[in-house]
file my_file.cif (mmCIF, C-alpha atoms (C1' of nucleotides))
data_upload
#
loop_
_atom_site.label_atom_id
_atom_site.label_comp_id
_atom_site.auth_asym_id
_atom_site.auth_seq_id
_atom_site.Cartn_x
_atom_site.Cartn_y
_atom_site.Cartn_z
CA MET O 1 12.52 141.18 131.50
CA ALA O 2 9.58 140.35 133.78
CA THR O 3 6.83 138.29 132.21
CA ARG O 4 3.46 139.99 132.50
CA THR O 5 0.82 138.05 134.36
CA ASP O 6 -1.69 140.79 135.22
CA ALA O 7 -4.60 141.61 132.96
CA PRO O 8 -3.93 143.98 130.09
CA THR O 9 -4.97 147.54 130.75
CA ARG O 10 -7.50 149.20 128.52
CA ARG O 11 -4.78 151.29 126.91
CA GLU O 12 -2.98 148.11 125.95
CA GLN O 13 -6.10 146.52 124.52
CA ILE O 14 -6.66 149.57 122.40
CA LEU O 15 -3.09 149.63 121.14
CA LYS O 16 -3.20 145.97 120.26
CA GLU O 17 -6.43 146.23 118.28
CA ALA O 18 -5.37 149.46 116.65
CA ALA O 19 -2.15 147.80 115.50
CA ARG O 20 -4.06 144.95 113.98
CA LEU O 21 -6.52 147.22 112.20
CA PHE O 22 -3.88 149.66 110.99
CA ALA O 23 -1.87 146.77 109.61
CA GLU O 24 -4.89 145.31 107.86
CA ARG O 25 -6.29 148.40 106.22
CA GLY O 26 -3.81 151.20 106.73
CA PHE O 27 -3.93 154.15 109.08
CA HIS O 28 -6.36 156.18 107.02
CA GLY O 29 -8.42 153.14 106.23
CA VAL O 30 -9.49 152.61 109.81
CA GLY O 31 -11.94 154.83 111.65
CA VAL O 32 -11.89 155.57 115.35
CA ASP O 33 -15.31 153.99 115.63
CA GLU O 34 -13.88 150.68 114.42
CA ILE O 35 -11.02 150.81 116.87
CA GLY O 36 -13.46 151.53 119.65
CA ALA O 37 -15.76 148.72 118.57
CA ALA O 38 -12.82 146.31 118.61
CA VAL O 39 -12.40 146.82 122.35
CA GLY O 40 -16.09 147.09 123.17
CA ILE O 41 -16.39 150.82 123.58
CA SER O 42 -17.50 153.14 120.90
CA GLY O 43 -15.86 155.94 118.98
CA PRO O 44 -15.03 158.98 121.03
CA GLY O 45 -14.58 156.93 124.17
CA LEU O 46 -11.02 156.37 122.99
CA TYR O 47 -10.25 159.98 123.76
CA ARG O 48 -10.29 159.14 127.47
CA HIS O 49 -7.12 157.14 126.82
CA PHE O 50 -5.37 158.83 123.94
CA ALA O 51 -5.04 162.39 122.74
CA GLY O 52 -6.10 161.32 119.27
CA LYS O 53 -5.71 158.80 116.52
CA ASP O 54 -2.25 160.07 115.68
CA ALA O 55 -1.14 159.52 119.25
CA MET O 56 -2.00 155.83 119.02
CA LEU O 57 0.07 155.40 115.89
CA ALA O 58 2.95 157.32 117.41
CA GLU O 59 2.98 155.21 120.54
CA LEU O 60 2.86 152.05 118.46
CA LEU O 61 5.74 152.98 116.19
CA VAL O 62 7.96 154.35 118.91
CA GLY O 63 7.22 151.25 120.95
CA ILE O 64 8.17 148.93 118.13
CA SER O 65 11.44 150.63 117.33
CA GLY O 66 12.37 150.84 120.97
CA GLN O 67 11.54 147.23 121.63
CA LEU O 68 13.57 146.01 118.66
CA LEU O 69 16.57 148.10 119.63
CA ARG O 70 16.36 147.14 123.28
CA GLY O 71 16.15 143.46 122.46
CA ALA O 72 19.11 143.67 120.12
CA LYS O 73 21.24 145.48 122.70
CA ARG O 74 20.35 142.89 125.28
CA ARG O 75 21.31 140.03 123.02
CA LEU O 76 24.53 141.76 122.12
CA ALA O 77 25.39 142.17 125.79
CA GLU O 78 24.44 138.63 126.73
CA ALA O 79 26.47 137.04 123.95
CA ASP O 80 29.60 138.81 125.06
CA GLY O 81 32.37 136.30 124.66
CA GLU O 82 30.69 134.37 121.88
CA ALA O 83 31.90 134.01 118.33
CA PRO O 84 30.67 136.77 115.99
CA GLY O 85 28.64 134.25 114.03
CA ALA O 86 26.73 133.28 117.15
CA VAL O 87 25.92 136.91 117.88
CA LEU O 88 24.57 137.38 114.38
CA ASP O 89 22.47 134.26 114.81
CA SER O 90 21.08 135.68 118.01
CA LEU O 91 20.12 138.94 116.30
CA ILE O 92 18.43 137.03 113.52
CA GLU O 93 16.57 134.91 116.01
CA GLY O 94 15.35 137.96 117.88
CA HIS O 95 14.13 139.66 114.75
CA ILE O 96 12.33 136.51 113.61
CA ASP O 97 10.64 136.12 116.98
CA PHE O 98 9.40 139.65 116.71
CA ALA O 99 8.27 139.29 113.11
CA LEU O 100 6.36 136.11 113.91
CA ASP O 101 4.82 137.25 117.17
CA ASP O 102 3.85 140.76 116.14
CA ARG O 103 3.09 140.58 112.46
CA PRO O 104 0.80 143.60 112.54
CA LEU O 105 3.48 145.77 114.08
CA ILE O 106 6.07 144.64 111.57
CA THR O 107 3.72 145.69 108.81
CA LEU O 108 3.14 149.09 110.33
CA HIS O 109 6.82 149.61 110.91
CA ASP O 110 7.70 150.68 107.40
CA ARG O 111 4.28 151.56 106.10
CA GLU O 112 2.93 154.43 108.14
CA LEU O 113 5.99 156.23 109.34
CA ASP O 114 5.22 159.38 107.36
CA ARG O 115 2.01 160.13 109.19
CA LEU O 116 3.82 160.94 112.42
CA ARG O 117 4.49 164.36 113.84
CA ASP O 118 7.99 165.55 112.99
CA SER O 119 9.38 164.94 116.46
CA ASP O 120 7.99 161.42 116.69
CA ARG O 121 9.15 160.56 113.22
CA LYS O 122 12.65 161.73 114.02
CA LEU O 123 12.67 159.65 117.16
CA VAL O 124 11.53 156.53 115.36
CA ARG O 125 14.04 157.02 112.58
CA GLN O 126 16.80 157.45 115.10
CA LEU O 127 15.88 154.23 116.88
CA GLN O 128 15.67 152.41 113.56
CA ARG O 129 19.06 153.76 112.53
CA GLN O 130 20.65 152.61 115.76
CA TYR O 131 19.17 149.18 115.23
CA VAL O 132 20.52 148.98 111.70
CA GLU O 133 23.97 150.18 112.69
CA LEU O 134 24.10 147.62 115.45
CA TRP O 135 23.45 144.90 112.89
CA VAL O 136 25.97 146.42 110.48
CA GLY O 137 28.64 146.25 113.15
CA VAL O 138 28.00 142.59 113.84
CA VAL O 139 27.83 141.72 110.15
CA ARG O 140 31.19 143.34 109.52
CA GLU O 141 32.72 141.36 112.35
CA VAL O 142 31.46 138.14 110.86
CA TYR O 143 32.43 139.09 107.31
CA PRO O 144 35.44 141.42 107.53
CA ALA O 145 35.80 141.60 103.75
CA VAL O 146 32.46 143.38 103.34
CA GLY O 147 32.51 147.18 103.11
CA GLU O 148 30.21 149.30 105.20
CA PRO O 149 27.79 150.39 102.44
CA ALA O 150 27.42 146.82 101.23
CA ALA O 151 26.87 145.61 104.77
CA ARG O 152 24.18 148.22 105.35
CA SER O 153 22.40 147.32 102.12
CA ALA O 154 22.63 143.66 103.02
CA VAL O 155 21.10 144.31 106.43
CA HIS O 156 18.19 146.17 104.89
CA ALA O 157 17.70 143.37 102.39
CA VAL O 158 17.65 140.76 105.13
CA PHE O 159 15.13 142.82 107.04
CA GLY O 160 12.98 142.68 103.94
CA LEU O 161 13.39 138.93 103.88
CA LEU O 162 12.55 138.46 107.54
CA ASN O 163 9.66 140.89 107.43
CA SER O 164 7.99 138.88 104.69
CA THR O 165 6.17 136.85 107.36
CA PRO O 166 2.83 138.58 106.76
CA HIS O 167 2.83 137.08 103.26
CA LEU O 168 3.70 133.58 104.39
CA GLY O 169 1.40 130.66 104.93
CA ARG O 170 1.00 129.18 108.39
CA PRO O 171 3.00 126.04 108.70
CA SER O 172 4.40 125.37 112.16
CA ARG O 173 6.04 128.34 113.75
CA ALA O 174 9.26 126.47 114.31
CA ALA O 175 9.49 125.43 110.67
CA THR O 176 8.96 128.97 109.45
CA ALA O 177 11.47 130.35 111.91
CA GLY O 178 14.05 127.80 110.88
CA LEU O 179 13.53 128.46 107.21
CA LEU O 180 13.87 132.20 107.59
CA HIS O 181 16.93 131.83 109.76
CA ARG O 182 18.72 129.63 107.25
CA MET O 183 17.80 131.94 104.39
CA ALA O 184 19.03 135.01 106.23
CA ARG O 185 22.34 133.38 107.02
CA GLY O 186 22.62 132.14 103.47
CA ALA O 187 22.02 135.62 102.12
CA PHE O 188 24.70 137.11 104.36
CA ASP O 189 27.13 134.34 103.49
CA ALA O 190 26.62 135.12 99.82
CA VAL O 191 27.80 138.71 100.23
CA GLY O 192 30.53 137.71 102.67
CA GLY O 193 32.10 135.35 100.18
CA ALA O 194 32.28 137.72 97.22
CA GLY O 195 32.20 141.06 99.14
CA MET Z 196 8.79 144.08 72.98
CA ALA Z 197 8.92 147.35 71.07
CA THR Z 198 10.76 150.17 72.76
CA ARG Z 199 8.65 153.32 73.04
CA THR Z 200 10.03 156.40 71.37
CA ASP Z 201 6.96 158.63 71.12
CA ALA Z 202 6.07 161.12 73.83
CA PRO Z 203 4.17 159.81 76.85
CA THR Z 204 0.47 160.43 76.66
CA ARG Z 205 -1.25 162.40 79.36
CA ARG Z 206 -2.76 159.25 80.82
CA GLU Z 207 0.71 157.82 81.22
CA GLN Z 208 2.04 160.97 82.85
CA ILE Z 209 -0.80 160.83 85.33
CA LEU Z 210 -0.25 157.17 86.13
CA LYS Z 211 3.44 157.72 86.67
CA GLU Z 212 2.98 160.63 89.03
CA ALA Z 213 0.12 158.94 90.83
CA ALA Z 214 2.29 155.89 91.41
CA ARG Z 215 5.03 158.04 92.88
CA LEU Z 216 2.67 159.92 95.15
CA PHE Z 217 0.76 156.83 96.25
CA ALA Z 218 4.04 155.12 97.10
CA GLU Z 219 5.28 158.12 99.05
CA ARG Z 220 2.24 158.87 101.14
CA GLY Z 221 -0.25 156.09 100.61
CA PHE Z 222 -3.42 156.02 98.58
CA HIS Z 223 -5.51 157.90 101.11
CA GLY Z 224 -2.68 160.26 101.89
CA VAL Z 225 -2.66 161.95 98.51
CA GLY Z 226 -5.47 164.06 97.11
CA VAL Z 227 -6.60 164.33 93.53
CA ASP Z 228 -5.53 167.96 93.52
CA GLU Z 229 -1.96 166.90 94.21
CA ILE Z 230 -1.98 164.35 91.44
CA GLY Z 231 -3.34 166.94 89.07
CA ALA Z 232 -0.75 169.50 90.16
CA ALA Z 233 2.00 166.96 89.52
CA VAL Z 234 1.13 166.89 85.82
CA GLY Z 235 0.29 170.57 85.49
CA ILE Z 236 -3.48 170.37 85.47
CA SER Z 237 -5.60 170.85 88.48
CA GLY Z 238 -7.91 168.62 90.42
CA PRO Z 239 -11.01 167.56 88.60
CA GLY Z 240 -9.29 167.73 85.23
CA LEU Z 241 -8.15 164.19 85.92
CA TYR Z 242 -11.69 162.99 85.40
CA ARG Z 243 -11.29 163.54 81.66
CA HIS Z 244 -8.81 160.65 81.73
CA PHE Z 245 -9.92 158.36 84.54
CA ALA Z 246 -13.25 157.41 86.02
CA GLY Z 247 -11.94 158.23 89.48
CA LYS Z 248 -9.09 157.92 91.91
CA ASP Z 249 -9.79 154.24 92.42
CA ALA Z 250 -9.51 153.60 88.71
CA MET Z 251 -5.96 154.95 88.70
CA LEU Z 252 -4.91 152.64 91.49
CA ALA Z 253 -6.59 149.69 89.82
CA GLU Z 254 -4.87 150.31 86.52
CA LEU Z 255 -1.53 150.65 88.28
CA LEU Z 256 -1.82 147.44 90.26
CA VAL Z 257 -3.19 145.35 87.44
CA GLY Z 258 -0.47 146.74 85.21
CA ILE Z 259 2.27 145.83 87.66
CA SER Z 260 1.12 142.28 88.21
CA GLY Z 261 0.61 141.70 84.53
CA GLN Z 262 3.98 143.12 83.62
CA LEU Z 263 5.79 140.99 86.19
CA LEU Z 264 4.03 137.84 85.08
CA ARG Z 265 4.50 138.54 81.40
CA GLY Z 266 8.21 139.19 81.86
CA ALA Z 267 8.66 136.01 83.83
CA LYS Z 268 6.86 133.92 81.23
CA ARG Z 269 8.97 135.42 78.50
CA ARG Z 270 12.19 134.67 80.35
CA LEU Z 271 11.02 131.16 81.02
CA ALA Z 272 10.31 130.63 77.34
CA GLU Z 273 13.56 132.18 76.17
CA ALA Z 274 15.71 130.11 78.52
CA ASP Z 275 14.26 126.90 77.24
CA GLY Z 276 17.14 124.50 77.03
CA GLU Z 277 19.15 126.15 79.80
CA ALA Z 278 20.09 124.65 83.12
CA PRO Z 279 17.49 125.23 85.86
CA GLY Z 280 19.92 127.40 87.78
CA ALA Z 281 20.27 129.73 84.83
CA VAL Z 282 16.50 130.06 84.55
CA LEU Z 283 16.27 130.98 88.22
CA ASP Z 284 19.01 133.55 87.73
CA SER Z 285 17.05 135.02 84.87
CA LEU Z 286 13.92 135.33 87.01
CA ILE Z 287 15.90 136.98 89.77
CA GLU Z 288 17.43 139.38 87.31
CA GLY Z 289 14.05 140.32 85.93
CA HIS Z 290 12.59 140.96 89.32
CA ILE Z 291 15.57 143.07 90.35
CA ASP Z 292 15.34 145.14 87.18
CA PHE Z 293 11.74 145.83 87.94
CA ALA Z 294 12.36 146.60 91.60
CA LEU Z 295 15.14 149.02 90.73
CA ASP Z 296 13.43 150.71 87.79
CA ASP Z 297 9.96 151.06 89.29
CA ARG Z 298 10.45 151.44 92.99
CA PRO Z 299 7.16 153.27 93.51
CA LEU Z 300 5.22 150.48 91.88
CA ILE Z 301 6.97 147.82 93.93
CA THR Z 302 5.94 149.68 97.04
CA LEU Z 303 2.33 149.91 95.97
CA HIS Z 304 2.25 146.30 95.00
CA ASP Z 305 1.70 144.90 98.47
CA ARG Z 306 0.55 147.99 100.28
CA GLU Z 307 -2.69 149.13 98.70
CA LEU Z 308 -4.19 145.98 97.32
CA ASP Z 309 -7.18 146.07 99.65
CA ARG Z 310 -8.54 149.32 98.30
CA LEU Z 311 -9.47 147.77 94.97
CA ARG Z 312 -12.91 146.75 93.82
CA ASP Z 313 -13.51 143.07 94.36
CA SER Z 314 -13.13 142.14 90.73
CA ASP Z 315 -9.88 144.03 90.31
CA ARG Z 316 -8.48 142.65 93.52
CA LYS Z 317 -9.26 139.12 92.42
CA LEU Z 318 -7.57 139.72 89.12
CA VAL Z 319 -4.44 141.12 90.73
CA ARG Z 320 -4.25 138.30 93.23
CA GLN Z 321 -4.60 135.76 90.46
CA LEU Z 322 -1.77 137.33 88.50
CA GLN Z 323 0.38 137.45 91.62
CA ARG Z 324 -0.38 133.82 92.38
CA GLN Z 325 0.60 132.75 88.89
CA TYR Z 326 3.84 134.67 89.22
CA VAL Z 327 4.62 133.00 92.53
CA GLU Z 328 3.79 129.54 91.27
CA LEU Z 329 6.00 130.05 88.27
CA TRP Z 330 8.89 130.81 90.59
CA VAL Z 331 8.01 127.87 92.82
CA GLY Z 332 8.23 125.52 89.86
CA VAL Z 333 11.66 126.77 88.87
CA VAL Z 334 12.93 126.68 92.45
CA ARG Z 335 11.86 123.08 92.84
CA GLU Z 336 13.69 122.16 89.66
CA VAL Z 337 16.86 123.70 90.96
CA TYR Z 338 16.47 122.25 94.47
CA PRO Z 339 14.56 118.98 94.11
CA ALA Z 340 14.84 118.21 97.83
CA VAL Z 341 12.71 121.18 98.81
CA GLY Z 342 9.02 120.55 99.41
CA GLU Z 343 6.39 122.71 97.84
CA PRO Z 344 5.31 124.66 100.95
CA ALA Z 345 8.91 125.43 101.84
CA ALA Z 346 9.61 126.51 98.29
CA ARG Z 347 6.62 128.82 98.30
CA SER Z 348 7.66 130.39 101.59
CA ALA Z 349 11.17 130.78 100.30
CA VAL Z 350 9.93 132.54 97.19
CA HIS Z 351 7.90 134.98 99.24
CA ALA Z 352 10.87 135.63 101.48
CA VAL Z 353 13.12 136.32 98.52
CA PHE Z 354 10.52 138.72 97.13
CA GLY Z 355 10.75 140.53 100.44
CA LEU Z 356 14.49 140.66 100.07
CA LEU Z 357 14.41 141.93 96.50
CA ASN Z 358 11.64 144.41 97.19
CA SER Z 359 13.71 146.07 99.89
CA THR Z 360 15.15 148.43 97.27
CA PRO Z 361 13.07 151.39 98.44
CA HIS Z 362 14.97 151.26 101.74
CA LEU Z 363 18.38 151.03 100.15
CA GLY Z 364 20.87 153.79 99.60
CA ARG Z 365 21.87 154.75 96.08
CA PRO Z 366 25.21 153.27 95.21
CA SER Z 367 25.64 152.35 91.57
CA ARG Z 368 22.76 150.46 90.12
CA ALA Z 369 24.96 147.63 88.99
CA ALA Z 370 26.44 147.16 92.45
CA THR Z 371 23.03 147.05 94.08
CA ALA Z 372 21.72 144.63 91.49
CA GLY Z 373 24.71 142.35 91.93
CA LEU Z 374 24.41 142.40 95.69
CA LEU Z 375 20.73 141.57 95.66
CA HIS Z 376 21.25 138.81 93.12
CA ARG Z 377 23.97 137.12 95.16
CA MET Z 378 21.90 137.39 98.32
CA ALA Z 379 18.82 135.93 96.68
CA ARG Z 380 20.78 132.99 95.33
CA GLY Z 381 22.45 132.54 98.69
CA ALA Z 382 19.11 132.48 100.45
CA PHE Z 383 17.73 129.86 98.08
CA ASP Z 384 20.90 127.77 98.36
CA ALA Z 385 20.49 127.77 102.13
CA VAL Z 386 17.08 126.14 101.95
CA GLY Z 387 18.11 123.86 99.11
CA GLY Z 388 20.97 122.38 101.09
CA ALA Z 389 19.03 121.62 104.26
CA GLY Z 390 15.52 121.42 102.73
"C1'" DC F 391 -18.76 179.32 58.59
"C1'" DA F 392 -20.82 176.05 61.79
"C1'" DC F 393 -20.26 172.65 64.97
"C1'" DA F 394 -18.78 168.73 67.56
"C1'" DT F 395 -15.20 166.97 70.45
"C1'" DG F 396 -11.27 166.95 73.54
"C1'" DC F 397 -9.39 168.95 77.42
"C1'" DG F 398 -9.31 172.26 80.91
"C1'" DT F 399 -11.16 175.57 84.34
"C1'" DT F 400 -13.65 177.02 88.88
"C1'" DA F 401 -17.66 176.57 92.00
"C1'" DA F 402 -20.72 173.78 94.47
"C1'" DC F 403 -22.31 169.41 96.65
"C1'" DG F 404 -22.23 165.72 99.89
"C1'" DC F 405 -20.12 162.35 102.56
"C1'" DT F 406 -16.85 160.64 105.67
"C1'" DC F 407 -14.61 161.11 109.82
"C1'" DA F 408 -11.72 163.02 113.66
"C1'" DT F 409 -12.64 165.74 117.33
"C1'" DT F 410 -15.33 168.22 120.94
"C1'" DA F 411 -19.54 169.16 123.91
"C1'" DA F 412 -22.75 167.83 127.10
"C1'" DC F 413 -24.27 164.63 129.90
"C1'" DA F 414 -24.60 159.97 132.88
"C1'" DA F 415 -23.33 156.30 135.95
"C1'" DG F 416 -20.27 153.68 139.11
"C1'" DG F 417 -17.33 153.65 143.06
"C1'" DG F 418 -14.16 154.69 146.52
"C1'" DG F 419 -12.64 158.04 150.21
"C1'" DA F 420 -13.54 161.90 153.70
"C1'" DT L 421 -23.97 160.57 152.77
"C1'" DC L 422 -21.71 163.48 149.57
"C1'" DC L 423 -18.33 164.19 146.13
"C1'" DC L 424 -15.41 163.80 142.50
"C1'" DC L 425 -12.71 161.19 139.44
"C1'" DT L 426 -12.85 157.77 135.98
"C1'" DT L 427 -14.86 156.06 132.07
"C1'" DG L 428 -18.41 155.87 129.20
"C1'" DT L 429 -22.41 157.58 126.16
"C1'" DT L 430 -24.73 160.19 122.16
"C1'" DA L 431 -25.19 164.53 119.51
"C1'" DA L 432 -23.06 168.30 117.17
"C1'" DT L 433 -19.26 170.48 114.71
"C1'" DG L 434 -16.13 171.28 111.21
"C1'" DA L 435 -12.65 170.17 108.00
"C1'" DG L 436 -11.07 167.53 104.12
"C1'" DC L 437 -11.82 165.57 99.94
"C1'" DG L 438 -13.79 162.91 95.95
"C1'" DT L 439 -16.95 163.85 92.67
"C1'" DT L 440 -20.14 166.39 89.64
"C1'" DA L 441 -21.96 170.71 87.35
"C1'" DA L 442 -21.54 174.36 84.38
"C1'" DC L 443 -18.94 176.67 81.53
"C1'" DG L 444 -14.73 178.16 78.10
"C1'" DC L 445 -11.76 177.46 74.42
"C1'" DA L 446 -9.14 175.48 71.05
"C1'" DT L 447 -8.88 172.48 66.85
"C1'" DG L 448 -10.11 170.05 62.82
"C1'" DT L 449 -13.75 168.69 59.78
"C1'" DG L 450 -18.30 168.96 57.07
#
call {"tool": "encode", "arguments": {"input": "my_file.cif", "output": "structure tokens"}}
result
Amino acid sequence: MATRTDAPTRREQILKEAARLFAERGFHGVGVDEIGAAVGISGPGLYRHFAGKDAMLAELLVGISGQLLRGAKRRLAEADGEAPGAVLDSLIEGHIDFALDDRPLITLHDRELDRLRDSDRKLVRQLQRQYVELWVGVVREVYPAVGEPAARSAVHAVFGLLNSTPHLGRPSRAATAGLLHRMARGAFDAVGGAG
Amino acid sequence: MATRTDAPTRREQILKEAARLFAERGFHGVGVDEIGAAVGISGPGLYRHFAGKDAMLAELLVGISGQLLRGAKRRLAEADGEAPGAVLDSLIEGHIDFALDDRPLITLHDRELDRLRDSDRKLVRQLQRQYVELWVGVVREVYPAVGEPAARSAVHAVFGLLNSTPHLGRPSRAATAGLLHRMARGAFDAVGGAG
DNA sequence: CACATGCGTTAACGCTCATTAACAAGGGGA
DNA sequence: TCCCCTTGTTAATGAGCGTTAACGCATGTG
């Protein structure tokens, strides 16, 4: 992954601000004029960059799901020979990084999915499902006694735990990350022991 | 607490359906006509029972927060002489019951708070804060090594875990409840050990 | 019987807001 | 220099939707 050094394009500015606003007040709660104002242009000027408000949301949600899945696949590939526990730790770490660095997107992720066109919604759901199943596979390697339905529920529950970052205070990033990581592992351990 | 046996009043029907619809498609995503249709009357008929759409949301959110807090206080009082761990288990159990029995309300709880009038929002936040602090106190009794900020973060994270029920499949209620309970305790144990 | 009150109905109003129309300015290439 | 493409602007349009108006009809009570 190349680290970006060039200036963000206008499209990217818009997406970033739109994500923040959508997360703060919901998709319907934000007007196009506000989004425009957030990047210094006004209202209908956005239509030079996006087909419409829906298109912004779609691009955001598809982008999130894709990024999460891609990152998880990469970590899975990189940690090839490692112990299963280490792979799970890597997944957790990746998800925490994302939740801490892109809080607005995390909020959107499970809040505004319904507003998408059918095709986009299906795509996002498919990416999400792949991401979940990838986790389920790793969890079942670490805890062989756990059945598949229990593992899937546990993964969803841990996502809920990790995605709680928007509600958290702002102590040091490292402290928060460490706390969440330990809690996630502890939660998985608890189902692994009693399956 | 007296168990209701009489038929639900129209107001209650409306609140129940409104909660479901708001949770499914968001406050702005559902029209008054839909809410009316859900209880067999149409559109403006709702105004015989509520001052407006906002009033329904306000009553729902205040009701949720109050109910959660009241239940927690009751459990705290009932489990007076018990070990701290048992009290924490009781809180967890109460929250799980609520999350499983009133999924729509749980969803609303942290999704649509901003749409309230200032006074209502303050009230809800105050109730939520009391609920959190009550948990924080119990957690710190069970795990004396944990500092207050960490305990508060941990409580929020566990709420995220427990509130993940809307994303879960539907195995038996008991199985889901047991799984969530074990995971919540495991998550707390993980911060208690390494504080 | 008369009448108030509770609970609905449908029609109209008015506001918000996404989208489109019409127009302007900058800037790089032929 | 002359275009034309990009990227804006403001004004107009049109739909959706919360709310209110005006009216009907039961029911129980004096």
call {"tool": "atom_distance", "arguments": {"input": "my_file.cif", "atom1": "CA of Leu241 (chain Z)", "atom2": "CA of Leu263 (chain Z)"}}
result
27.1 Å
call {"tool": "resolve_selection", "arguments": {"input": "my_file.cif", "expression": "the PyMOL selection byres ((chain O) within 9 of (chain F))", "output": "PyMOL selection string"}}
result
chain O and resi 31-32+44+47+52-53
call {"tool": "interface_residues", "arguments": {"input": "my_file.cif", "of": "chain L", "to": "chain O", "cutoff": "12 Å", "atoms": "all atoms listed in the file", "output": "PyMOL selection string"}}
result
chain L and resi 426-431
call {"tool": "interface_residues", "arguments": {"input": "my_file.cif", "of": "chain O", "to": "chain Z", "cutoff": "7 Å", "atoms": "all atoms listed in the file", "output": "ChimeraX atom specification"}}
result
/O:28,114,153,156-158,160-162,164,167-168,179,182-184,186-191
call {"tool": "atom_distance", "arguments": {"input": "my_file.cif", "atom1": "CA of His290 (chain Z)", "atom2": "CA of Lys268 (chain Z)"}}
result
12.2 Å
call {"tool": "atom_distance", "arguments": {"input": "my_file.cif", "atom1": "CA of Ala72 (chain O)", "atom2": "CA of Ser172 (chain O)"}}
result
24.8 Å
call {"tool": "resolve_selection", "arguments": {"input": "my_file.cif", "expression": "the PyMOL selection byres ((chain O and resi 60) around 9)", "output": "compact mmCIF listing (two decimals) with C-alpha atoms, in the frame of the given file"}}
result
# COMPACT_ATOMS: atom_id res chain seq x y z
CA LEU O 15 -3.09 149.63 121.14
CA LYS O 16 -3.20 145.97 120.26
CA ALA O 18 -5.37 149.46 116.65
CA ALA O 19 -2.15 147.80 115.50
CA ALA O 55 -1.14 159.52 119.25
CA MET O 56 -2.00 155.83 119.02
CA LEU O 57 0.07 155.40 115.89
CA ALA O 58 2.95 157.32 117.41
CA GLU O 59 2.98 155.21 120.54
CA LEU O 61 5.74 152.98 116.19
CA VAL O 62 7.96 154.35 118.91
CA GLY O 63 7.22 151.25 120.95
CA ILE O 64 8.17 148.93 118.13
CA SER O 65 11.44 150.63 117.33
CA LEU O 105 3.48 145.77 114.08
CA LEU O 108 3.14 149.09 110.33
CA HIS O 109 6.82 149.61 110.91
call {"tool": "axis_aligned_box", "arguments": {"input": "my_file.cif", "around": "region 422-435 of chain L", "padding_each_side": "3 Å", "output": "JSON"}}
result
{"center_x": -18.9, "center_y": 163.6, "center_z": 128.8, "size_x": 18.5, "size_y": 21.4, "size_z": 47.6}
call {"tool": "residues_around", "arguments": {"input": "my_file.cif", "residues": "Arg70 (chain O)", "least_positions_apart": "4", "cutoff": "12 Å", "atoms": "all atoms listed in the file", "output": "ChimeraX atom specification"}}
result
/O:1,62-66,74-77,91,94-95,127-128,130-131,134
call {"tool": "write_last_selection", "arguments": {"input": "my_file.cif", "atoms": "C-alpha atoms", "output": "JSON list (two decimals), in the coordinates of the input"}}
result
[["chain", "number", "residue", "atom", "x", "y", "z"],
["O", 1, "MET", "CA", 12.52, 141.18, 131.50],
["O", 62, "VAL", "CA", 7.96, 154.35, 118.91],
["O", 63, "GLY", "CA", 7.22, 151.25, 120.95],
["O", 64, "ILE", "CA", 8.17, 148.93, 118.13],
["O", 65, "SER", "CA", 11.44, 150.63, 117.33],
["O", 66, "GLY", "CA", 12.37, 150.84, 120.97],
["O", 74, "ARG", "CA", 20.35, 142.89, 125.28],
["O", 75, "ARG", "CA", 21.31, 140.03, 123.02],
["O", 76, "LEU", "CA", 24.53, 141.76, 122.12],
["O", 77, "ALA", "CA", 25.39, 142.17, 125.79],
["O", 91, "LEU", "CA", 20.12, 138.94, 116.30],
["O", 94, "GLY", "CA", 15.35, 137.96, 117.88],
["O", 95, "HIS", "CA", 14.13, 139.66, 114.75],
["O", 127, "LEU", "CA", 15.88, 154.23, 116.88],
["O", 128, "GLN", "CA", 15.67, 152.41, 113.56],
["O", 130, "GLN", "CA", 20.65, 152.61, 115.76],
["O", 131, "TYR", "CA", 19.17, 149.18, 115.23],
["O", 134, "LEU", "CA", 24.10, 147.62, 115.45]]
